[in-house]
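Since the structure comes first, as structure tokens, the remarks are kept for the end.
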Number of protein chains: 6
Amino acid sequence: MDITNAQRAEVLVHALPYIQKYYDKVIVVKYGGNAMTSETLKNAVIGDILLLSLIGIKVVLVHGGGPEISDMLKRVGKKSEFVNGLRVTDEETVKIVQMVLAGGVNKSLVNLIQSKGGKAIGLCGLDGQLFEAKQRDPALGYVGEITKVNVDPVRDLLDRGYLPVVSTVGCDQEGNVYNINADTAAARLAAALGAESLISMTDTSGILRDKDDPSTLISRVGVSEAPQLMQEGIISGGMIPKVECCIEAIRRGVGRVFIIDGRVPHAILIEILTDEGIGTMLE
Amino acid sequence: MDITNAQRAEVLVHALPYIQKYYDKVIVVKYGGNAMTSETLKNAVIGDILLLSLIGIKVVLVHGGGPEISDMLKRVGKKSEFVNGLRVTDEETVKIVQMVLAGGVNKSLVNLIQSKGGKAIGLCGLDGQLFEAKQRDPALGYVGEITKVNVDPVRDLLDRGYLPVVSTVGCDQEGNVYNINADTAAARLAAALGAESLISMTDTSGILRDKDDPSTLISRVGVSEAPQLMQEGIISGGMIPKVECCIEAIRRGVGRVFIIDGRVPHAILIEILTDEGIGTMLE
Amino acid sequence: MDITNAQRAEVLVHALPYIQKYYDKVIVVKYGGNAMTSETLKNAVIGDILLLSLIGIKVVLVHGGGPEISDMLKRVGKKSEFVNGLRVTDEETVKIVQMVLAGGVNKSLVNLIQSKGGKAIGLCGLDGQLFEAKQRDPALGYVGEITKVNVDPVRDLLDRGYLPVVSTVGCDQEGNVYNINADTAAARLAAALGAESLISMTDTSGILRDKDDPSTLISRVGVSEAPQLMQEGIISGGMIPKVECCIEAIRRGVGRVFIIDGRVPHAILIEILTDEGIGTMLE
Amino acid sequence: MDITNAQRAEVLVHALPYIQKYYDKVIVVKYGGNAMTSETLKNAVIGDILLLSLIGIKVVLVHGGGPEISDMLKRVGKKSEFVNGLRVTDEETVKIVQMVLAGGVNKSLVNLIQSKGGKAIGLCGLDGQLFEAKQRDPALGYVGEITKVNVDPVRDLLDRGYLPVVSTVGCDQEGNVYNINADTAAARLAAALGAESLISMTDTSGILRDKDDPSTLISRVGVSEAPQLMQEGIISGGMIPKVECCIEAIRRGVGRVFIIDGRVPHAILIEILTDEGIGTMLE
Amino acid sequence: MDITNAQRAEVLVHALPYIQKYYDKVIVVKYGGNAMTSETLKNAVIGDILLLSLIGIKVVLVHGGGPEISDMLKRVGKKSEFVNGLRVTDEETVKIVQMVLAGGVNKSLVNLIQSKGGKAIGLCGLDGQLFEAKQRDPALGYVGEITKVNVDPVRDLLDRGYLPVVSTVGCDQEGNVYNINADTAAARLAAALGAESLISMTDTSGILRDKDDPSTLISRVGVSEAPQLMQEGIISGGMIPKVECCIEAIRRGVGRVFIIDGRVPHAILIEILTDEGIGTMLE
Amino acid sequence: MDITNAQRAEVLVHALPYIQKYYDKVIVVKYGGNAMTSETLKNAVIGDILLLSLIGIKVVLVHGGGPEISDMLKRVGKKSEFVNGLRVTDEETVKIVQMVLAGGVNKSLVNLIQSKGGKAIGLCGLDGQLFEAKQRDPALGYVGEITKVNVDPVRDLLDRGYLPVVSTVGCDQEGNVYNINADTAAARLAAALGAESLISMTDTSGILRDKDDPSTLISRVGVSEAPQLMQEGIISGGMIPKVECCIEAIRRGVGRVFIIDGRVPHAILIEILTDEGIGTMLE
């Protein structure tokens with residue numbers, strides 16, 4: 001890197017108002033996509049959230065793990081049936097999901113954060129009944145939707161200075177376990193925590209007016225403008241449920257939601273600590 | 001049950017001095033064997049530790065999960081090689097171990113405790129670097145021995161009123177993950193917590209003078225008597241490393257260690273809250 | 001006792017939901033009658049409340065002491081006049097009442113609790129002006145009715161882990177001392193503490209439909225049903241003011257009131273920790 | 001009173017360094033003699049300790065009650081036998097002692113303090129096992145000597161802002177109650193609390209070189225000078241055990257002990273808040 | 001002084017109800033006039049507030065420093081122009097004002113308090129932005145009026161046991177510094193602290209019906225009576241803005257305001273701790 | 001600035017380990033020289049310390065103010081005599097010093113910090129008797145040397161989240177005020193606080209082997225090497241007392257001392273948050 005000490009200092013000084021703005025606030029990061037599969041990007045993301053947590057921001061990392069689940073199901077020779085794009089989840093499958101998310105992906109992220117000097121604890125929706133859930137559709141088996149967020153375990157860990165890493169499985173009072181959509185879980189958790197921001201990492205540049213042209217990025221979308229954008233087809237496909245989660249989060253009190261491009265290294269830092277947003281902000 | 005109200009009251013009243021004795025003390029329960037595989041016994045154990053925690057005892061549940069690991073390895077078609085009875089653990093295996101213990105067994109125990117009205121959080125040795133470890137023997141791969149116990153995450157959860165459930169995987173500073181023997185981990189954790197007692201659940205009646213005759217149970221073994229009992233072959237086989245862990249725990253400051261028969265329903269309650277010990281106590 | 005370890009464990013396990021229900025809640029016990037005069041019963045009662053306080057219930061013991069007062073008055077050769085069944089209490093008498101209750105009965109209960117391993121402090125209504133009172137009827141002299149409960153001294157002792165034992169004398173701002181009815185004082189104190197339950201110990205089996213037939217015990221009386229029962233004469237005599245105190249307690253926010261038979265050993269434990277109520281519950 | 005506002009202000013200002021000196025320190029007042037039997041003096045004493053407690057001094061009032069005990073024994077027709085000037089105390093007598101001290105004298109003092117605007121709680125040595133004791137001499141029956149002071153109840157009350165009033169009965173682990181000498185109890189309590197000062201109220205002007213001439217008051221006695229004064233007969237009679245208690249208090253860490261004349265109104269204030277000591281100071 | 005010990009004690013005892021009344025309450029003292037320029041009076045005032053703070057009253061000292069400012073302006077050869085009796089304050093002048101008040105007068109008072117055994121910290125309106133202000137009138141330059149009181153710095157110091165000494169300069173968000181009228185600042189600070197009393201020291205005997213006859217002192221003025229007194233010319237001249245500040249303080253919740261004669265030694269003590277008010281009380 | 005978002009992110013990420021290292025540690029900054037007289041540099045310094053305090057470092061700013069003192073003395077027509085390069089400080093002079101430092105320089109720094117969003121409180125050595133001092137040399141008048149540092153006021157402010165700004169005047173128990181050398185005061189305060197680092201701002205590049213050639217900067221000097229460097233004349237002139245203060249600080253427990261070039265913008269940030277030290281580190 002060819003930047004001088006003076007430039008370095010300038011960068012740090014320019015970050016000051018952003019640090020002041022987020023100080024002691026909660027930011028929930030929904031982590032997924034390429035940023036989670038590429039080792040390089042993963043290291044950059046973990047570095048970013050570690051930095052945020054060090055400068056006094058209370059970061060909560062929420063993750064899913066579709067590819068890892070599929071991989072393990074394949075290894076045990078389990079075939080999945082799909083209904084409307086959602087995997088039919090029988091009891092055997094939900095056990096695999098729980099293991100892979102709460103024991104595999106989750107604890108490996110905890111391990112990575114700590115090998116970089118952080119202090120993390122991994123939770124899933126079963127711990128302290130963080131995510132209470134019920135069956136979404138009998139045809140889908142153990143696919144759940146959240147009925148209640150018991151936010152104390154996350155708050156307790158934040159209070160004690162841990163960075164909570166959260167897997168999105170949930171349970172009901174009888175102890176049935178459900179697979180929960182990670183975007184929804186992150187949005188609901190952010191709302192329950194009264195988070196200042198929710199950062200949703202995707203494999204796109206954000207919401208593009210012309211989806212093949214990154215230069216048409218829409219930097220800011222008001223909650224009231226979203227329906228029009230959906231009607232026009234600008235928000236379409238997999239972006240629709242994601243945006244709906246974001247709107248839900250804002251309606252429940254989250255300050256701002258950022259849909260950012262997880263393929264750009266340090267996208268989180270750039271979004272939070274510099275004056276150039278690099279994705280789409282909903283508010 | 002044909003016991004009268006008066007008898008019930010008597011039982012409760014007789015428990016009083018034991019409750020007083022353990023009030024606000026830490027008890028670490030090493031959970032394993034039949035007590036963990038039989039659904040009936042499992043329910044009894046969880047009921048017991050829930051009761052203990054309600055009457056003001058700080059219970060920490062430490063578990064392994066050999067059968068579950070073997071089962072999953074089999075399902076993914078992974079064969080294990082053994083050296084001196086210890087499984088050679090390659091990287092692929094340790095990943096399975098982590099998933100099965102920290103995501104499968106652990107979170108299912110958490111779920112069970114909570115469906116009975118408890119408040120639990122599941123940790124593994126990676127969370128808050130609870131168990132720092134190093135390789136035990138290069139020939140065994142990722143089989144680790146504990147180098148340091150960072151007891152804060154467990155204390156923090158106890159302070160906030162959670163029942164910590166702990167899986168015995170560990171890590172080193174570089175983020176390598178190791179499978180840790182559960183007896184050792186429980187003993188070391190009990191010592192680090194300054195526990196009043198360590199309860200080790202086995203599939204035997206305790207230490208028997210004649211191993212085929214339960215009436216020859218030795219109720220109390222002083223730490224200094226153990227070597228003699230080993231020499232005489234009374235403590236033998238798999239009981240040897242278990243007893244060594246117990247002795248180590250006592251040497252590091254744990255008050256008493258109970259080796260109890262996990263096949264007897266409510267063995268923990270009987271041991272802790274009545275005047276009839278049902279296993280072997282080391283002190 | 002011929003019950004097995006397994007049965008003992010069952011009893012303890014069955015107590016679990018009741019322990020959970022009352023955990024960290026306040027229970028006020030109005031103590032009196034045979035349970036206070038028989039040494040055996042007294043020991044059983046003290047054992048019971050000690051057990052309750054150990055399993056995390058905040059117990060407050062409120063007592064009167066009619067027989068002890070009469071005895072002492074007799075010893076000093078003081079004759080009592082009665083108006084409507086209430087003793088005319090002159091200045092000399094109220095001094096004896098204060099001494100006997102706050103110095104005799106109260107401190108002896110404290111002493112008994114502590115000789116069994118508890119930690120108690122005895123208060124009377126003068127300490128911290130716990131019970132502010134005024135004269136009830138000039139014809140009765142120093143018989144008082146409570147005008148205000150200053151609950152801080154009791155709360156402070158509970159916060160510091162003491163079991164408060166409370167004598168029912170009160171005072172006004174000028175320092176006049178009054179004898180206070182113990183049922184009323186217990187009810188008012190329970191209300192002021194926001195107690196979960198008030199347990200009133202009597203020398204009857206509870207409210208009986210036929211007062212000579214214990215099998216006609218009414219297990220549950222709703223507050224709204226009481227007037228009808230009084231009209232029918234089922235609640236009659238000395239039970240009327242007692243029930244009125246109970247109703248008053250419920251109206252002021254106490255969860256449930258139990259009128260139990262103090263002549264049955266461990267009646268409190270059976271009522272609180274088992275599924276068989278043995279008296280009449282008002283709610 | 002013919003003193004001007006300016007003079008009043010001067011008095012208050014002159015008290016400043018004394019207030020600073022004792023701020024947040026513990027002073028134990030051993031209360032007894034005429035100051036406790038005369039209504040006028042009693043009101044003055046209570047006013048004094050109330051003022052001290054308001055200006056930030058932690059006052060603990062310790063009292064006996066010989067005359068009140070004798071009076072009550074007489075009323076119940078109980079004759080006392082004496083051995084070496086100590087009353088033989090049978091079980092019946094110690095019950096009267098407990099009642100009179102802990103229920104009569106103690107609670108009346110509490111009542112008086114509060115009617116003047118203070119916030120007091122009365123304890124005896126049974127509460128929280130404040131004074132553990134054992135039999136002093138079988139020939140004397142229930143006359144005890146202190147074996148241990150469990151100072152927590154007094155500290156807890158001071159912490160919560162109460163003025164503790166303490167009766168000098170004690171108990172052993174079996175629950176036997178003993179009458180304890182008040183001078184000894186006050187000295188031991190002062191030592192256990194690490195008190196700055198112990199004030200012992202007597203019916204003399206202090207230690208007089210010529211006991212019939214108040215002008216021969218010895219203002220200051222060093223602990224090492226006391227034996228000589230005893231040998232010379234200057235400290236004699238009932239003053240000997242009193243002085244021995246004072247010396248014991250100083251040996252156990254109390255800063256200073258003042259033997260003051262309880263017959264002088266406001267002797268405590270004059271001793272503590274002005275530059276003219278009016279009794280004998282031991283240090 | 002010819003007053004006896006007994007009289008001294010009486011004075012102290014008479015102060016008791018006043019001490020009780022103000023215990024743990026906040027009193028703001030607006031300090032100025034002769035009481036601040038005469039060394040003798042200054043020592044008396046500091047002694048008084050030190051005594052008040054020792055007996056549990058939370059005293060805040062607010063001061064201006066007109067004579068000291070004028071003196072320094074003269075020394076640096078700066079002439080002042082006046083508009084309606086208010087000094088036109090250019091940038092150079094406001095710098096002198098800041099130095100003289102916050103560095104000179106303020107820290108010297110802190111020093112004096114501490115040399116008498118107190119524990120003080122000096123603040124000005126810039127510290128923690130205690131006084132946010134804006135320009136009052138462009139023609140006057142840096143003369144400010146308070147827009148907001150950020151009371152935390154004063155509360156934080158009181159919580160930690162310091163006596164806060166406050167200079168009346170303020171600032172706006174851009175960092176401009178303003179000279180603030182001390183009467184106004186004291187009144188606003190007292191209101192923001194929810195003070196029990198504001199004591200305003202003047203060089204008069206209070207509000208006099210005939211300003212040349214001290215015997216016509218009006219001891220008590222109700223807020224509603226003030227306009228009439230102004231109309232009648234009884235409150236006139238410099239007393240008008242002072243009284244207006246006092247009324248403002250009461251309207252914003254201060255209990256009582258005392259206008260007292262700073263020329264009388266110990267006027268504060270006499271007003272607060274005796275039954276003879278010596279100035280005019282507004283309420 | 002021509003640096004990309006990616007580069008910005010890199011800079012922030014590279015700061016991570018330094019932020020971790022200093023998190024929750026105390027850094028004392030001795031502020032002076034050009035960095036305090038140039039408006040641009042002053043703004044950079046204040047920005048730097050604000051950033052440090054935001055990322056969890058506890059910064060204490062210690063300042064002198066020679067030029068401002070000289071300027072004011074000149075304005076009031078006061079001539080200074082010098083002895084061994086130290087100004088003879090008569091009573092009039094020390095009053096000016098107190099005003100200029102504690103009221104002028106100090107409060108203006110507080111004001112500047114707050115106008116940038118910080119939360120500061122200005123103290124001098126008189127507040128809470130932070131710096132107790134005595135006369136250094138009668139010939140110098142009110143030039144003092146520190147006898148004791150009472151660190152509580154600074155700790156209290158840090159605990160409450162304020163950035164303390166400290167002027168270097170001190171006092172003795174009699175209330176005499178002394179001018180204290182700022183390098184010494186900063187070193188002693190850093191030691192008393194157990195600071196991780198002391199940063200001393202100078203108008204040189206650090207310690208240079210050839211003082212005219214900045215490329216000969218000595219980056220690191222061990223405490224034991226300093227005497228040799230002084231003997232060789234490499235540390236000479238005004239650098240000698242500065243280095244002696246630094247050594248004293250290290251001897252008293254400060255981790256590291258940095259002598260940095262205050263003329264370089266953001267020198268503090270570069271020193272603390274990047275891998276290129278820009279001055280001389282003593283340890």
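We label chains A, B, ... in the order they appear in the structure tokens, count residues from 1 in each chain, and number ligands from 1 in the order shown.
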
Give me, as a PyMOL selection string, the residues of stretch 45-193 of chain E that a backbone DSSP run labels helix (DSSP H, G or I). chain E and resi 45-54+66-75+91-115+127-129+138-140+152-159+182-192

Taking only C-alpha atoms into account, find every residue of chain E that has an atom no more than 7 Å from chain F, and write it out as a list in words. Arg75, Val76, Gln98, Met99, Val100, Ala102, Gly103, Gly104, Lys107, Val110, Asn111, Leu112, Ser115, Lys119, Ala120, Ile121, Gly122, Leu126, Asp127, Gly128, Gln173, Glu174 and Gly175 of chain E

Considering only C-alpha atoms, return as a VMD selection string whatever protein or nucleic-acid residues lie within 8 Å of A:Val94, sequence-local ones (same chain, fewer than 5 positions apart) excluded. chain A and resid 89 142 177 to 179

For the residues in that selection, give me all heavy atoms as an mmCIF file, in the first residue's frame.
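Wrote it out as selection_6.cif, contents follow:
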```
data_model
loop_
_atom_site.group_PDB
_atom_site.id
_atom_site.type_symbol
_atom_site.label_atom_id
_atom_site.label_comp_id
_atom_site.auth_asym_id
_atom_site.auth_seq_id
_atom_site.Cartn_x
_atom_site.Cartn_y
_atom_site.Cartn_z
ATOM 1 N N THR A 89 -38.567 -30.351 5.329
ATOM 2 C CA THR A 89 -37.591 -30.635 6.381
ATOM 3 C C THR A 89 -38.165 -31.665 7.350
ATOM 4 O O THR A 89 -38.948 -31.342 8.229
ATOM 5 C CB THR A 89 -37.246 -29.319 7.121
ATOM 6 O OG1 THR A 89 -36.786 -28.356 6.162
ATOM 7 C CG2 THR A 89 -36.179 -29.544 8.163
ATOM 8 N N TYR A 142 -40.437 -29.356 9.505
ATOM 9 C CA TYR A 142 -39.824 -28.525 10.534
ATOM 10 C C TYR A 142 -39.218 -27.226 9.996
ATOM 11 O O TYR A 142 -38.091 -26.868 10.320
ATOM 12 C CB TYR A 142 -38.806 -29.343 11.314
ATOM 13 C CG TYR A 142 -39.478 -30.434 12.134
ATOM 14 C CD1 TYR A 142 -39.626 -31.725 11.631
ATOM 15 C CD2 TYR A 142 -40.017 -30.145 13.384
ATOM 16 C CE1 TYR A 142 -40.268 -32.713 12.360
ATOM 17 C CE2 TYR A 142 -40.666 -31.123 14.123
ATOM 18 C CZ TYR A 142 -40.786 -32.403 13.610
ATOM 19 O OH TYR A 142 -41.438 -33.361 14.333
ATOM 20 N N VAL A 177 -37.750 -28.620 17.177
ATOM 21 C CA VAL A 177 -36.755 -27.714 16.603
ATOM 22 C C VAL A 177 -37.169 -27.353 15.182
ATOM 23 O O VAL A 177 -37.666 -28.204 14.443
ATOM 24 C CB VAL A 177 -35.358 -28.369 16.621
ATOM 25 C CG1 VAL A 177 -34.319 -27.466 15.958
ATOM 26 C CG2 VAL A 177 -34.951 -28.680 18.056
ATOM 27 N N TYR A 178 -36.979 -26.094 14.805
ATOM 28 C CA TYR A 178 -37.336 -25.641 13.467
ATOM 29 C C TYR A 178 -36.168 -24.926 12.804
ATOM 30 O O TYR A 178 -35.391 -24.246 13.458
ATOM 31 C CB TYR A 178 -38.525 -24.675 13.529
ATOM 32 C CG TYR A 178 -39.761 -25.291 14.108
ATOM 33 C CD1 TYR A 178 -40.077 -25.112 15.448
ATOM 34 C CD2 TYR A 178 -40.613 -26.068 13.310
ATOM 35 C CE1 TYR A 178 -41.207 -25.685 15.999
ATOM 36 C CE2 TYR A 178 -41.752 -26.644 13.860
ATOM 37 C CZ TYR A 178 -42.045 -26.463 15.200
ATOM 38 O OH TYR A 178 -43.158 -27.037 15.732
ATOM 39 N N ASN A 179 -36.084 -25.077 11.490
ATOM 40 C CA ASN A 179 -35.150 -24.293 10.689
ATOM 41 C C ASN A 179 -35.822 -22.956 10.388
ATOM 42 O O ASN A 179 -36.979 -22.914 9.972
ATOM 43 C CB ASN A 179 -34.851 -25.057 9.382
ATOM 44 C CG ASN A 179 -33.707 -24.403 8.613
ATOM 45 O OD1 ASN A 179 -33.068 -23.482 9.108
ATOM 46 N ND2 ASN A 179 -33.475 -24.892 7.405
#
```

Can you list, as a ChimeraX atom specification, all residues belonging to stretch 119-153 of chain D that DSSP tags as strand (DSSP E)? /D:120-124,131-135,144-149

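Restricting the calculation to only C-alpha atoms, the smallest distance between C:Val143 and any of C:Val264, C:Leu86, C:Ala186, C:Ala6 is found for C:Leu86.
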